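Accompanying notes for the structure given below.
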Amino acid sequence: MEIQTIGIVGAGQMGNGIAHVMALAGYDVLMTDVSADALKGAVDTITGNLDRQVGRGKVAEADRDAALARITTTQTLSDLGQSDLIIEAATERETVKQAIFEDLIPHLKPTTILTSNTSSISITRLASRTDRPEKFMGFHFMNPVPVMQLVELIRGIATDKETFSACQAVVAKLGKTAASAEDFPAFIVNRILMPMINEAVYTLYEGVVSVESIDSSLKLGANHPMGPLELADFIGLDTCLAIMNVLHDGLADTKYRPCPLLTKYVEAGWLGRKTQRGFYDYRGDVPVPTR
Ligand code: CAA
């Protein structure tokens with residue numbers, strides 16, 4: 001199964017990172033979003049990140065230009081129909097993802113592989129509502145996509161071998177490493193990472209220690225590149241909460257209960273860096289803890 005054209009649904013943080021690495025690896029990329037501003041913002045972000053890579057000698061100027069020339073944007077979802085592989089990277093809400101797949105299906109080639117960059121939703125359930133569960137799987141990147149080496153590949157119960165091998169070949173061409181996970185809530189990285197972040201929020205909620213101390217302790221005491229609260233702001237607190245809810249509902253174990261303080265931040269619309277406020281306030285020159 002030869003893959004050359006990649007369709008990406010969603011031009012947010014993950015979508016633009018995926019477009020960046022795919023175009024740099026030589027794939028033709030068609031990126032769609034309902035918002036023209038989001039598409040423009042994504043191209044600006046990709047250009048900025050590629051420029052930085054050129055500046056640091058990681059990418060040649062000619063490769064940057066070729067990568068940018070391989071990216072096309074469209075607000076019309078059906079334009080993605082002729083892609084060989086589609087990666088859905090829209091909002092982490094099952095109803096949104098389902099609606100996207102329903103709208104896409106009438107326009108797809110019979111051979112198109114459909115994947116989702118979901119960080120936690122059941123691949124088997126998403127697949128069962130499409131016309132091609134055997135050609136459906138999870139293709140989960142880590143943030144920031146251009147930097148992080150891992151991609152989780154998740155087979156639904158019906159995913160066939162050819163589909164899995166084709167996705168494995170794409171990951172290899174990206175120069176990244178694939179980890180293959182069974183389809184259980186939150187797969188590998190988030191199953192382990194999110195309870196740690198949630199525990200950090202409980203540690204704050206219970207008044208054990210301050211925001212800054214939690215982060216500096218994990219950086220200095222466990223050699224993490226970012227503290228858990230800083231990382232939560234980076235990922236998005238809405239995404240962290242959504243993943244904890246998937247773990248809580250899907251595994252029915254109280255150890256996954258989301259911290260009420262995490263819920264409170266999300267209710268306030270303080271979702272982290274993307275809204276300029278989360279466990280830190282990013283509106284000034286340096287981030288300032290919000291508690
Ligand atoms: N695009 C391209 N390059 C980027 C980038 C981006 N968006 N962000 C950072 N970089 C590059 C920088 O240019 C720099 O490159 P060089 O090594 O060539 O100089 C390198 O990454 C390091 O960046 P910085 O020096 O600016 O900053 P840093 O050393 O503090 O590293 C970081 C930044 C890589 C983000 C690091 O802090 C880190 O690894 N943090 C943890 C990230 C993490 O855990 N991600 C997983 C989140 S979980 C997830 O994604 C799953 C999910 O479903 C929620």
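So you can find residues: chains in the structure tokens are A, B, ... in the order shown, residues in each start at 1, and ligands are numbered from 1 in order.
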
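Omitting Ser78 in chain A and its sequence neighbours fewer than 4 positions away, and counting only C-alpha atoms, the residues within 10 Å are Thr32, Thr74, Gln82, Ile100, Asp103, Leu104, Ile105, Pro106, His107 and Leu108 of chain A.
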
Taking the backbone alone, and naming residues the way the document does, which bits of range 4-189 of chain A are strand (DSSP E) by DSSP, as a PyMOL selection string? chain A and resi 5-9+28-32+71-74+85-88+113-116+136-141+150-155+177-181

Expected file contents, prior selection, N, CA and C atoms, as a short mmCIF file (atom, residue, chain, number, x, y, z; two decimals), in the first residue's frame:
data_model
loop_
_atom_site.label_atom_id
_atom_site.label_comp_id
_atom_site.auth_asym_id
_atom_site.auth_seq_id
_atom_site.Cartn_x
_atom_site.Cartn_y
_atom_site.Cartn_z
N THR A 5 -0.15 10.80 -0.22
CA THR A 5 -0.92 11.99 0.18
C THR A 5 -1.53 11.78 1.56
N ILE A 6 -1.25 12.74 2.44
CA ILE A 6 -1.77 12.62 3.81
C ILE A 6 -2.78 13.75 4.03
N GLY A 7 -3.97 13.39 4.45
CA GLY A 7 -4.99 14.39 4.81
C GLY A 7 -4.97 14.57 6.32
N ILE A 8 -4.98 15.80 6.76
CA ILE A 8 -4.97 16.07 8.21
C ILE A 8 -6.20 16.91 8.55
N VAL A 9 -7.00 16.41 9.49
CA VAL A 9 -8.20 17.14 9.90
C VAL A 9 -7.90 17.84 11.21
N ASP A 28 2.87 14.61 0.54
CA ASP A 28 2.01 15.73 0.17
C ASP A 28 0.93 15.83 1.24
N VAL A 29 0.75 17.01 1.77
CA VAL A 29 -0.14 17.19 2.91
C VAL A 29 -1.31 18.10 2.54
N LEU A 30 -2.51 17.66 2.88
CA LEU A 30 -3.70 18.48 2.69
C LEU A 30 -4.31 18.64 4.08
N MET A 31 -4.31 19.87 4.57
CA MET A 31 -4.78 20.11 5.94
C MET A 31 -6.10 20.88 5.91
N THR A 32 -7.05 20.42 6.71
CA THR A 32 -8.34 21.10 6.72
C THR A 32 -8.73 21.52 8.13
N ILE A 71 2.53 21.56 1.44
CA ILE A 71 1.35 21.71 2.32
C ILE A 71 0.29 22.57 1.64
N THR A 72 -0.90 22.00 1.49
CA THR A 72 -2.05 22.74 0.95
C THR A 72 -3.12 22.77 2.04
N THR A 73 -3.84 23.89 2.11
CA THR A 73 -4.91 23.95 3.12
C THR A 73 -6.26 24.11 2.43
N THR A 74 -7.29 23.63 3.09
CA THR A 74 -8.65 23.76 2.56
C THR A 74 -9.65 23.79 3.71
N LEU A 85 -3.93 8.41 3.24
CA LEU A 85 -4.02 8.23 4.69
C LEU A 85 -4.59 9.51 5.28
N ILE A 86 -5.58 9.38 6.14
CA ILE A 86 -6.13 10.57 6.81
C ILE A 86 -5.86 10.45 8.31
N ILE A 87 -5.36 11.54 8.88
CA ILE A 87 -5.16 11.58 10.33
C ILE A 87 -6.08 12.65 10.89
N GLU A 88 -7.03 12.22 11.69
CA GLU A 88 -7.96 13.18 12.31
C GLU A 88 -7.32 13.68 13.59
N ILE A 113 -6.83 4.88 4.17
CA ILE A 113 -6.73 4.47 5.58
C ILE A 113 -7.17 5.64 6.44
N LEU A 114 -8.05 5.37 7.38
CA LEU A 114 -8.54 6.41 8.29
C LEU A 114 -7.90 6.21 9.66
N THR A 115 -7.35 7.29 10.22
CA THR A 115 -6.77 7.16 11.56
C THR A 115 -7.19 8.35 12.42
N SER A 116 -7.03 8.17 13.71
CA SER A 116 -7.32 9.26 14.63
C SER A 116 -6.11 9.48 15.52
N PHE A 136 -8.99 1.19 9.79
CA PHE A 136 -9.07 2.27 10.77
C PHE A 136 -8.12 1.93 11.93
N MET A 137 -7.35 2.93 12.38
CA MET A 137 -6.53 2.70 13.59
C MET A 137 -6.14 4.01 14.27
N GLY A 138 -5.48 3.91 15.39
CA GLY A 138 -5.01 5.08 16.13
C GLY A 138 -3.60 5.42 15.71
N PHE A 139 -3.35 6.73 15.49
CA PHE A 139 -2.03 7.21 15.05
C PHE A 139 -1.74 8.39 15.96
N HIS A 140 -1.10 8.12 17.10
CA HIS A 140 -1.05 9.13 18.16
C HIS A 140 0.34 9.73 18.34
N PHE A 141 0.44 11.02 18.02
CA PHE A 141 1.71 11.76 18.15
C PHE A 141 1.79 12.40 19.54
N LEU A 150 8.36 9.65 19.77
CA LEU A 150 7.43 8.50 19.81
C LEU A 150 6.13 8.75 19.03
N VAL A 151 5.65 7.68 18.38
CA VAL A 151 4.27 7.66 17.87
C VAL A 151 3.64 6.36 18.36
N GLU A 152 2.47 6.47 18.99
CA GLU A 152 1.76 5.26 19.40
C GLU A 152 0.85 4.82 18.26
N LEU A 153 0.95 3.56 17.89
CA LEU A 153 0.06 2.99 16.87
C LEU A 153 -0.89 2.04 17.59
N ILE A 154 -2.20 2.29 17.43
CA ILE A 154 -3.17 1.51 18.19
C ILE A 154 -4.11 0.80 17.23
N ARG A 155 -4.10 -0.52 17.33
CA ARG A 155 -4.98 -1.34 16.49
C ARG A 155 -6.33 -1.50 17.17
N THR A 177 9.89 6.66 16.21
CA THR A 177 9.79 5.29 16.71
C THR A 177 8.33 4.99 17.05
N ALA A 178 7.85 3.84 16.56
CA ALA A 178 6.46 3.47 16.85
C ALA A 178 6.41 2.55 18.06
N ALA A 179 5.41 2.78 18.92
CA ALA A 179 5.10 1.81 19.98
C ALA A 179 3.71 1.30 19.69
N SER A 180 3.56 0.01 19.68
CA SER A 180 2.27 -0.55 19.33
C SER A 180 1.50 -0.87 20.61
N ALA A 181 0.29 -0.30 20.72
CA ALA A 181 -0.49 -0.50 21.95
C ALA A 181 -1.81 -1.18 21.64
#

Helix (DSSP H, G or I) per DSSP on the backbone: members of range 110-264 of chain A, as an NGL selection string: :A and (123-128 or 133-135 or 161-173 or 189-205 or 211-222 or 228-235 or 237-251 or 254-256 or 260-264)

Report as a Markdown table the residues of chain A within 8 Å of ligand 1, each with its shortest atom pair and distance in Å (one decimal), using only C-alpha atoms and all ligand atoms, ordered by chain and increasing residue number.
| residue | atom | partner | partner_atom_place_in_ligand_line | distance |
| --- | --- | --- | --- | --- |
| A:Gly17 | CA | ligand 1 | 7 (N) | 7.0 |
| A:Ile46 | CA | ligand 1 | 1 (N) | 7.7 |
| A:Asn49 | CA | ligand 1 | 2 (C) | 4.8 |
| A:Leu50 | CA | ligand 1 | 2 (C) | 6.8 |
| A:Arg52 | CA | ligand 1 | 13 (O) | 6.0 |
| A:Gln53 | CA | ligand 1 | 13 (O) | 6.1 |
| A:Arg56 | CA | ligand 1 | 18 (O) | 5.7 |
| A:Gly57 | CA | ligand 1 | 18 (O) | 7.8 |
| A:Lys58 | CA | ligand 1 | 18 (O) | 6.5 |
| A:Thr118 | CA | ligand 1 | 53 (O) | 7.2 |
| A:Ser119 | CA | ligand 1 | 53 (O) | 4.3 |
| A:Ser120 | CA | ligand 1 | 53 (O) | 7.5 |
| A:His140 | CA | ligand 1 | 53 (O) | 7.1 |
| A:Phe141 | CA | ligand 1 | 50 (O) | 6.6 |
| A:Met142 | CA | ligand 1 | 50 (O) | 3.4 |
| A:Asn143 | CA | ligand 1 | 50 (O) | 3.8 |
| A:Pro144 | CA | ligand 1 | 7 (N) | 4.8 |
| A:Val145 | CA | ligand 1 | 7 (N) | 6.7 |
| A:Pro146 | CA | ligand 1 | 2 (C) | 4.8 |
| A:Val147 | CA | ligand 1 | 3 (N) | 5.4 |
| A:Met148 | CA | ligand 1 | 45 (N) | 6.8 |
| A:Val189 | CA | ligand 1 | 51 (C) | 6.6 |
| A:Asn190 | CA | ligand 1 | 51 (C) | 6.0 |
| A:Leu193 | CA | ligand 1 | 48 (S) | 7.2 |
| A:His224 | CA | ligand 1 | 41 (C) | 7.5 |
| A:Pro225 | CA | ligand 1 | 37 (O) | 4.8 |
| A:Met226 | CA | ligand 1 | 40 (N) | 5.2 |
| A:Leu231 | CA | ligand 1 | 41 (C) | 6.5 |
| A:Phe234 | CA | ligand 1 | 47 (C) | 7.8 |
| A:Ile235 | CA | ligand 1 | 54 (C) | 5.5 |
| A:Gly236 | CA | ligand 1 | 54 (C) | 7.9 |
| A:Thr239 | CA | ligand 1 | 54 (C) | 6.8 |
| A:Cys240 | CA | ligand 1 | 54 (C) | 6.9 |

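Straight-line separation from CA of Met1 in chain A to CA of Gly175 in chain A: 19.0 Å.
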
Applying 8 Å and only C-alpha atoms, which residues near Ile121 in chain A remain after dropping the ones on its own chain fewer than 6 positions away? List them as a PyMOL selection string. chain A and resi 94+185-186+246

Could the residues in this selection be written to a file with N, CA and C atoms, as a compact mmCIF listing (two decimals), in the first residue's frame?
# COMPACT_ATOMS: atom_id res chain seq x y z
N GLU A 94 -15.59 12.84 21.38
CA GLU A 94 -15.99 11.72 20.52
C GLU A 94 -17.05 12.13 19.51
N PRO A 185 -8.11 2.20 27.37
CA PRO A 185 -8.15 3.64 27.61
C PRO A 185 -6.78 4.30 27.80
N ALA A 186 -6.56 5.34 27.00
CA ALA A 186 -5.38 6.22 27.08
C ALA A 186 -4.08 5.54 26.64
N VAL A 246 -11.80 9.68 30.60
CA VAL A 246 -11.82 8.45 29.81
C VAL A 246 -11.24 7.29 30.65
